[in-house]
Amino acid sequence: MKITRRTLLGTAALAAPAIILGSRAFASTTEMKVAIVMPGPITDHGWSQSGYEAMQVVGETLGIETGYSEKVHQPDHVESLSDYARRGFTHVIGHGGEFQDAVERVAARFPDTRFIVTNGLRARDNITTADFYFSQPAYLLGFLAGRFTKTGKVGLVQAQQFKFTNDTLAGFEAGFKSARPDGTVFSTWTGDWEDVAKGKEAALTQIGQGADIVWPTMDSATQGALQAVRENGAKAFGLYYDAISKWPDIILQSSILDVKALIVSLLTTAKAEGLVGKNYKFDLTQPDSVRLGSYHPDIAPDIVGEIESLKARITSGDLVIEPA
């Protein structure tokens, strides 16, 4: 997750080789070919894996050729993106805001290629960006945390500070304070999305300070944080998928930011009508992409009712969560 979803990672590493997932004929005057360049492994149970799975879906449902590169670090962004453009891919995705600068450099050299930056900041010309209204579901989880906590202390563990994480923290704190004005939200930045040990250490520190609910929002490092929560009898929130399915004893609720659905929706639009140089934002009015997961059975029905009422107010526009 990097400069928007995640910040630039200074680690140098060789880009993984580009891999072609498959090809199908499609009745169109222009053959659409899509590639995605990802920062992490396709087995991270999070951001990169969702991007990879999206490519599999669009390859099947849209009948287009797709390709991917995983574990591509910042020094290799330009070359990896350029390679796909040179090979005739019509749409090239930099999967994470950390690809923004590289995409801008490459897009100027390949004006006939449509570049997409997930969690990007600047859309124009042949650059499209797409992201989530992160603070909306974060507000709902914050409110739930405020109503459920017994200690009045909860924690949010994140990797790096940028728009995605700042928006998530702001929404979570606002929701929590609306339910528990005298409570405390701990915020920890680990500096690493994948390090399981760092994720666990950060969660342990927050639990040691009295937090009885912890929300880890990294990639692979989230697994370490959830282990700490389980070992210490605390509760947690999930991100990206309905995490109660894998951690039924500790997950209270999940903010499902369905990266796969976002990418599939965006590329379906690209195939049907084309994309333009603007930001495509996905929010709670689009439940295929942004929604809550399953409630833990320990959550009282009246609290569930409050959350659902707040969600209805948000989707109707009666309650606007900042930042947008």
# chains A, B, ... in the order shown; residues from 1 in each chain; ligands from 1
>>> residues_around(residues="A:Pro287", least_positions_apart="3", cutoff="10 Å", atoms="only C-alpha atoms", output="ChimeraX atom specification")
/A:256-258,261,282-284,290-292
>>> write_last_selection(atoms="all heavy atoms", output="PDB file, in the first residue's frame")
ATOM      1  N   ILE A 256     -14.543  -3.613   3.987  1.00  0.00           N
ATOM      2  CA  ILE A 256     -14.234  -4.330   2.760  1.00  0.00           C
ATOM      3  C   ILE A 256     -14.059  -3.327   1.631  1.00  0.00           C
ATOM      4  O   ILE A 256     -15.031  -2.795   1.089  1.00  0.00           O
ATOM      5  CB  ILE A 256     -15.320  -5.366   2.421  1.00  0.00           C
ATOM      6  CG1 ILE A 256     -15.488  -6.355   3.577  1.00  0.00           C
ATOM      7  CG2 ILE A 256     -14.966  -6.097   1.125  1.00  0.00           C
ATOM      8  CD1 ILE A 256     -16.541  -7.412   3.347  1.00  0.00           C
ATOM      9  N   LEU A 257     -12.810  -3.037   1.336  1.00  0.00           N
ATOM     10  CA  LEU A 257     -12.462  -2.224   0.181  1.00  0.00           C
ATOM     11  C   LEU A 257     -12.069  -3.230  -0.891  1.00  0.00           C
ATOM     12  O   LEU A 257     -10.941  -3.719  -0.920  1.00  0.00           O
ATOM     13  CB  LEU A 257     -11.300  -1.281   0.515  1.00  0.00           C
ATOM     14  CG  LEU A 257     -11.536  -0.361   1.717  1.00  0.00           C
ATOM     15  CD1 LEU A 257     -10.289   0.464   2.003  1.00  0.00           C
ATOM     16  CD2 LEU A 257     -12.733   0.554   1.481  1.00  0.00           C
ATOM     17  N   ASP A 258     -13.025  -3.565  -1.728  1.00  0.00           N
ATOM     18  CA  ASP A 258     -12.857  -4.668  -2.661  1.00  0.00           C
ATOM     19  C   ASP A 258     -12.051  -4.209  -3.871  1.00  0.00           C
ATOM     20  O   ASP A 258     -12.597  -3.732  -4.870  1.00  0.00           O
ATOM     21  CB  ASP A 258     -14.232  -5.199  -3.081  1.00  0.00           C
ATOM     22  CG  ASP A 258     -14.143  -6.587  -3.692  1.00  0.00           C
ATOM     23  OD1 ASP A 258     -13.138  -6.849  -4.381  1.00  0.00           O
ATOM     24  OD2 ASP A 258     -15.071  -7.389  -3.489  1.00  0.00           O
ATOM     25  N   ALA A 261     -12.960  -5.873  -7.120  1.00  0.00           N
ATOM     26  CA  ALA A 261     -14.190  -5.355  -7.722  1.00  0.00           C
ATOM     27  C   ALA A 261     -13.964  -3.984  -8.349  1.00  0.00           C
ATOM     28  O   ALA A 261     -14.516  -3.675  -9.414  1.00  0.00           O
ATOM     29  CB  ALA A 261     -15.300  -5.282  -6.677  1.00  0.00           C
ATOM     30  N   PHE A 282     -14.815   5.271  -5.565  1.00  0.00           N
ATOM     31  CA  PHE A 282     -15.776   4.250  -5.178  1.00  0.00           C
ATOM     32  C   PHE A 282     -16.121   4.423  -3.697  1.00  0.00           C
ATOM     33  O   PHE A 282     -15.224   4.558  -2.856  1.00  0.00           O
ATOM     34  CB  PHE A 282     -15.203   2.859  -5.437  1.00  0.00           C
ATOM     35  CG  PHE A 282     -15.017   2.557  -6.903  1.00  0.00           C
ATOM     36  CD1 PHE A 282     -13.969   3.121  -7.617  1.00  0.00           C
ATOM     37  CD2 PHE A 282     -15.894   1.720  -7.575  1.00  0.00           C
ATOM     38  CE1 PHE A 282     -13.797   2.860  -8.972  1.00  0.00           C
ATOM     39  CE2 PHE A 282     -15.740   1.445  -8.930  1.00  0.00           C
ATOM     40  CZ  PHE A 282     -14.689   2.019  -9.632  1.00  0.00           C
ATOM     41  N   ASP A 283     -17.432   4.411  -3.372  1.00  0.00           N
ATOM     42  CA  ASP A 283     -17.847   4.665  -1.994  1.00  0.00           C
ATOM     43  C   ASP A 283     -18.948   3.697  -1.567  1.00  0.00           C
ATOM     44  O   ASP A 283     -19.243   2.721  -2.274  1.00  0.00           O
ATOM     45  CB  ASP A 283     -18.288   6.121  -1.821  1.00  0.00           C
ATOM     46  CG  ASP A 283     -19.473   6.490  -2.703  1.00  0.00           C
ATOM     47  OD1 ASP A 283     -20.229   5.590  -3.133  1.00  0.00           O
ATOM     48  OD2 ASP A 283     -19.662   7.693  -2.971  1.00  0.00           O
ATOM     49  N   LEU A 284     -19.552   3.959  -0.417  1.00  0.00           N
ATOM     50  CA  LEU A 284     -20.552   3.047   0.143  1.00  0.00           C
ATOM     51  C   LEU A 284     -21.827   2.943  -0.695  1.00  0.00           C
ATOM     52  O   LEU A 284     -22.625   2.031  -0.490  1.00  0.00           O
ATOM     53  CB  LEU A 284     -20.910   3.468   1.571  1.00  0.00           C
ATOM     54  CG  LEU A 284     -19.872   3.135   2.644  1.00  0.00           C
ATOM     55  CD1 LEU A 284     -20.209   3.840   3.955  1.00  0.00           C
ATOM     56  CD2 LEU A 284     -19.760   1.626   2.864  1.00  0.00           C
ATOM     57  N   VAL A 290     -17.279  -1.168  -1.996  1.00  0.00           N
ATOM     58  CA  VAL A 290     -17.077  -0.638  -0.641  1.00  0.00           C
ATOM     59  C   VAL A 290     -18.256  -1.062   0.236  1.00  0.00           C
ATOM     60  O   VAL A 290     -19.405  -0.702  -0.041  1.00  0.00           O
ATOM     61  CB  VAL A 290     -16.967   0.903  -0.639  1.00  0.00           C
ATOM     62  CG1 VAL A 290     -16.664   1.408   0.775  1.00  0.00           C
ATOM     63  CG2 VAL A 290     -15.891   1.373  -1.609  1.00  0.00           C
ATOM     64  N   ARG A 291     -17.972  -1.781   1.296  1.00  0.00           N
ATOM     65  CA  ARG A 291     -19.044  -2.266   2.165  1.00  0.00           C
ATOM     66  C   ARG A 291     -18.453  -2.724   3.500  1.00  0.00           C
ATOM     67  O   ARG A 291     -17.232  -2.833   3.645  1.00  0.00           O
ATOM     68  CB  ARG A 291     -19.787  -3.432   1.511  1.00  0.00           C
ATOM     69  CG  ARG A 291     -18.905  -4.637   1.198  1.00  0.00           C
ATOM     70  CD  ARG A 291     -19.630  -5.658   0.334  1.00  0.00           C
ATOM     71  NE  ARG A 291     -18.801  -6.821   0.050  1.00  0.00           N
ATOM     72  CZ  ARG A 291     -17.924  -6.898  -0.938  1.00  0.00           C
ATOM     73  NH1 ARG A 291     -17.749  -5.859  -1.744  1.00  0.00           N
ATOM     74  NH2 ARG A 291     -17.209  -7.998  -1.125  1.00  0.00           N
ATOM     75  N   LEU A 292     -19.327  -2.999   4.443  1.00  0.00           N
ATOM     76  CA  LEU A 292     -18.909  -3.640   5.684  1.00  0.00           C
ATOM     77  C   LEU A 292     -19.051  -5.142   5.537  1.00  0.00           C
ATOM     78  O   LEU A 292     -19.774  -5.633   4.660  1.00  0.00           O
ATOM     79  CB  LEU A 292     -19.757  -3.151   6.856  1.00  0.00           C
ATOM     80  CG  LEU A 292     -19.614  -1.681   7.256  1.00  0.00           C
ATOM     81  CD1 LEU A 292     -20.432  -1.420   8.526  1.00  0.00           C
ATOM     82  CD2 LEU A 292     -18.155  -1.290   7.478  1.00  0.00           C
TER      83      LEU A 292
END
>>> residues_around(residues="A:Tyr280", least_positions_apart="5", cutoff="9 Å", atoms="only C-alpha atoms", output="JSON list (two decimals) with C-alpha atoms, in the first residue's frame")
[["chain", "number", "residue", "atom", "x", "y", "z"],
["A", 128, "THR", "CA", -6.67, 7.72, -14.97],
["A", 129, "THR", "CA", -6.78, 7.34, -11.19],
["A", 130, "ALA", "CA", -9.16, 5.32, -9.03],
["A", 131, "ASP", "CA", -9.57, 5.07, -5.28],
["A", 132, "PHE", "CA", -11.95, 4.49, -2.39],
["A", 266, "LEU", "CA", -13.02, 0.14, -13.99]]
>>> residues_around(residues="A:Phe134", least_positions_apart="3", cutoff="8 Å", atoms="only C-alpha atoms", output="CSV table (one decimal) with N, CA, C and O atoms, in the first residue's frame")
chain,number,residue,atom,x,y,z
A,137,PRO,N,-16.1,4.0,5.5
A,137,PRO,CA,-16.1,2.8,6.3
A,137,PRO,C,-15.3,2.9,7.6
A,137,PRO,O,-15.6,2.3,8.6
A,138,ALA,N,-14.2,3.7,7.5
A,138,ALA,CA,-13.4,3.9,8.7
A,138,ALA,C,-14.2,4.5,9.8
A,138,ALA,O,-14.0,4.2,11.0
A,164,PHE,N,-4.1,7.7,1.8
A,164,PHE,CA,-5.0,6.5,2.2
A,164,PHE,C,-5.0,6.3,3.7
A,164,PHE,O,-6.0,6.2,4.3
A,167,ASP,N,-6.5,9.4,5.6
A,167,ASP,CA,-8.0,9.5,5.5
A,167,ASP,C,-8.6,8.4,6.4
A,167,ASP,O,-9.6,8.6,7.0
A,168,THR,N,-8.0,7.2,6.4
A,168,THR,CA,-8.5,6.1,7.2
A,168,THR,C,-8.4,6.5,8.7
A,168,THR,O,-9.4,6.3,9.5
A,171,GLY,N,-11.1,9.3,9.5
A,171,GLY,CA,-12.4,8.8,9.6
A,171,GLY,C,-12.6,7.9,10.9
A,171,GLY,O,-13.7,8.0,11.5
A,283,ASP,N,-17.4,4.4,-3.4
A,283,ASP,CA,-17.8,4.7,-2.0
A,283,ASP,C,-18.9,3.7,-1.6
A,283,ASP,O,-19.2,2.7,-2.3
A,324,ALA,N,-13.0,13.6,2.1
A,324,ALA,CA,-13.6,12.8,1.0
A,324,ALA,C,-12.5,12.2,0.2
A,324,ALA,O,-11.4,12.6,0.2
>>> select_by_dssp(residues="stretch 206-308 of chain A", states="helix (DSSP H, G or I)", output="number ranges by chain")
A: 206-208, 221-231, 243-245, 259-272, 301-308
>>> atom_distance(atom1="atom CA of A:Gln253", atom2="atom CA of A:Ser316")
22.0 Å
>>> residues_around(residues="A:Val229", least_positions_apart="3", cutoff="9 Å", atoms="only C-alpha atoms", output="list in words")
Lys200, Ala203, Leu204, Ile207, Asp212, Ile213, Val214, Gly224, Ala225, Leu226, Asn232, Gly233, Ala234, Lys235, Ala236 and Ile250 of chain A
>>> write_last_selection(atoms="C-alpha atoms", output="compact mmCIF listing (two decimals), in the first residue's frame")
# COMPACT_ATOMS: atom_id res chain seq x y z
CA LYS A 200 2.92 -8.10 15.83
CA ALA A 203 -0.13 -4.48 18.09
CA LEU A 204 1.47 -5.77 21.29
CA ILE A 207 -2.47 -3.71 23.72
CA ASP A 212 -8.72 -3.77 23.63
CA ILE A 213 -9.46 -3.30 19.91
CA VAL A 214 -6.74 -3.05 17.26
CA GLY A 224 1.38 -10.67 12.87
CA ALA A 225 -0.84 -8.00 14.40
CA LEU A 226 -3.85 -10.32 14.40
CA ASN A 232 -3.86 -11.40 24.29
CA GLY A 233 -7.63 -11.71 24.28
CA ALA A 234 -8.28 -8.48 22.40
CA LYS A 235 -10.50 -7.83 19.38
CA ALA A 236 -9.72 -6.52 15.90
CA ILE A 250 -11.37 -11.89 17.20
>>> residues_around(residues="stretch 242-245 of chain A", least_positions_apart="3", cutoff="6 Å", atoms="only C-alpha atoms", output="VMD selection string")
chain A and resid 238 248 251 254 293
>>> residues_around(residues="A:Ile263", least_positions_apart="6", cutoff="9 Å", atoms="only C-alpha atoms", output="list in words")
Gly51, Ala54, Met55, Val58, Thr118 and Ala130 of chain A
>>> residues_around(residues="A:Gly155", least_positions_apart="2", cutoff="12 Å", atoms="only C-alpha atoms", output="ChimeraX atom specification")
/A:141-142,145-146,149,151-153,157-158,169,172-173,176,183-189,202-217,225,229,234-237
>>> atom_distance(atom1="atom CA of A:Val304", atom2="atom CA of A:Ala179")
13.3 Å
>>> closest_residue(among="A:Pro181, A:Pro75, A:Leu275, A:Ala123", to="A:Phe143", atoms="only C-alpha atoms")
A:Pro181
>>> closest_atom_pairs(of="stretch 63-125 of chain A", to="stretch 34-46 of chain A", cutoff="7 Å", atoms="only C-alpha atoms", output="JSON lines")
{"residue": "A:Glu65", "atom": "CA", "partner": "A:Val34", "partner_atom": "CA", "distance": 6.4}
{"residue": "A:Thr66", "atom": "CA", "partner": "A:Val34", "partner_atom": "CA", "distance": 4.8}
{"residue": "A:Gly67", "atom": "CA", "partner": "A:Ala35", "partner_atom": "CA", "distance": 4.4}
{"residue": "A:Tyr68", "atom": "CA", "partner": "A:Ile36", "partner_atom": "CA", "distance": 4.8}
{"residue": "A:Ser69", "atom": "CA", "partner": "A:Val37", "partner_atom": "CA", "distance": 4.9}
{"residue": "A:Glu70", "atom": "CA", "partner": "A:Met38", "partner_atom": "CA", "distance": 4.8}
{"residue": "A:Lys71", "atom": "CA", "partner": "A:Gly40", "partner_atom": "CA", "distance": 4.3}
{"residue": "A:Val72", "atom": "CA", "partner": "A:Pro39", "partner_atom": "CA", "distance": 4.9}
{"residue": "A:His73", "atom": "CA", "partner": "A:Pro39", "partner_atom": "CA", "distance": 5.9}
{"residue": "A:Tyr84", "atom": "CA", "partner": "A:Ala35", "partner_atom": "CA", "distance": 6.9}
{"residue": "A:Phe89", "atom": "CA", "partner": "A:Val34", "partner_atom": "CA", "distance": 5.7}
{"residue": "A:Thr90", "atom": "CA", "partner": "A:Val34", "partner_atom": "CA", "distance": 6.2}
{"residue": "A:His91", "atom": "CA", "partner": "A:Val34", "partner_atom": "CA", "distance": 4.7}
{"residue": "A:Val92", "atom": "CA", "partner": "A:Ala35", "partner_atom": "CA", "distance": 4.9}
{"residue": "A:Ile93", "atom": "CA", "partner": "A:Ile36", "partner_atom": "CA", "distance": 4.5}
{"residue": "A:Gly94", "atom": "CA", "partner": "A:Val37", "partner_atom": "CA", "distance": 5.2}
{"residue": "A:His95", "atom": "CA", "partner": "A:Met38", "partner_atom": "CA", "distance": 5.1}
>>> atom_distance(atom1="atom CA of A:Asp302", atom2="atom CA of A:Arg147")
10.3 Å
>>> closest_residue(among="A:Leu319, A:Val103, A:Ile307, A:Val264", to="A:Glu60", atoms="only C-alpha atoms")
A:Val264
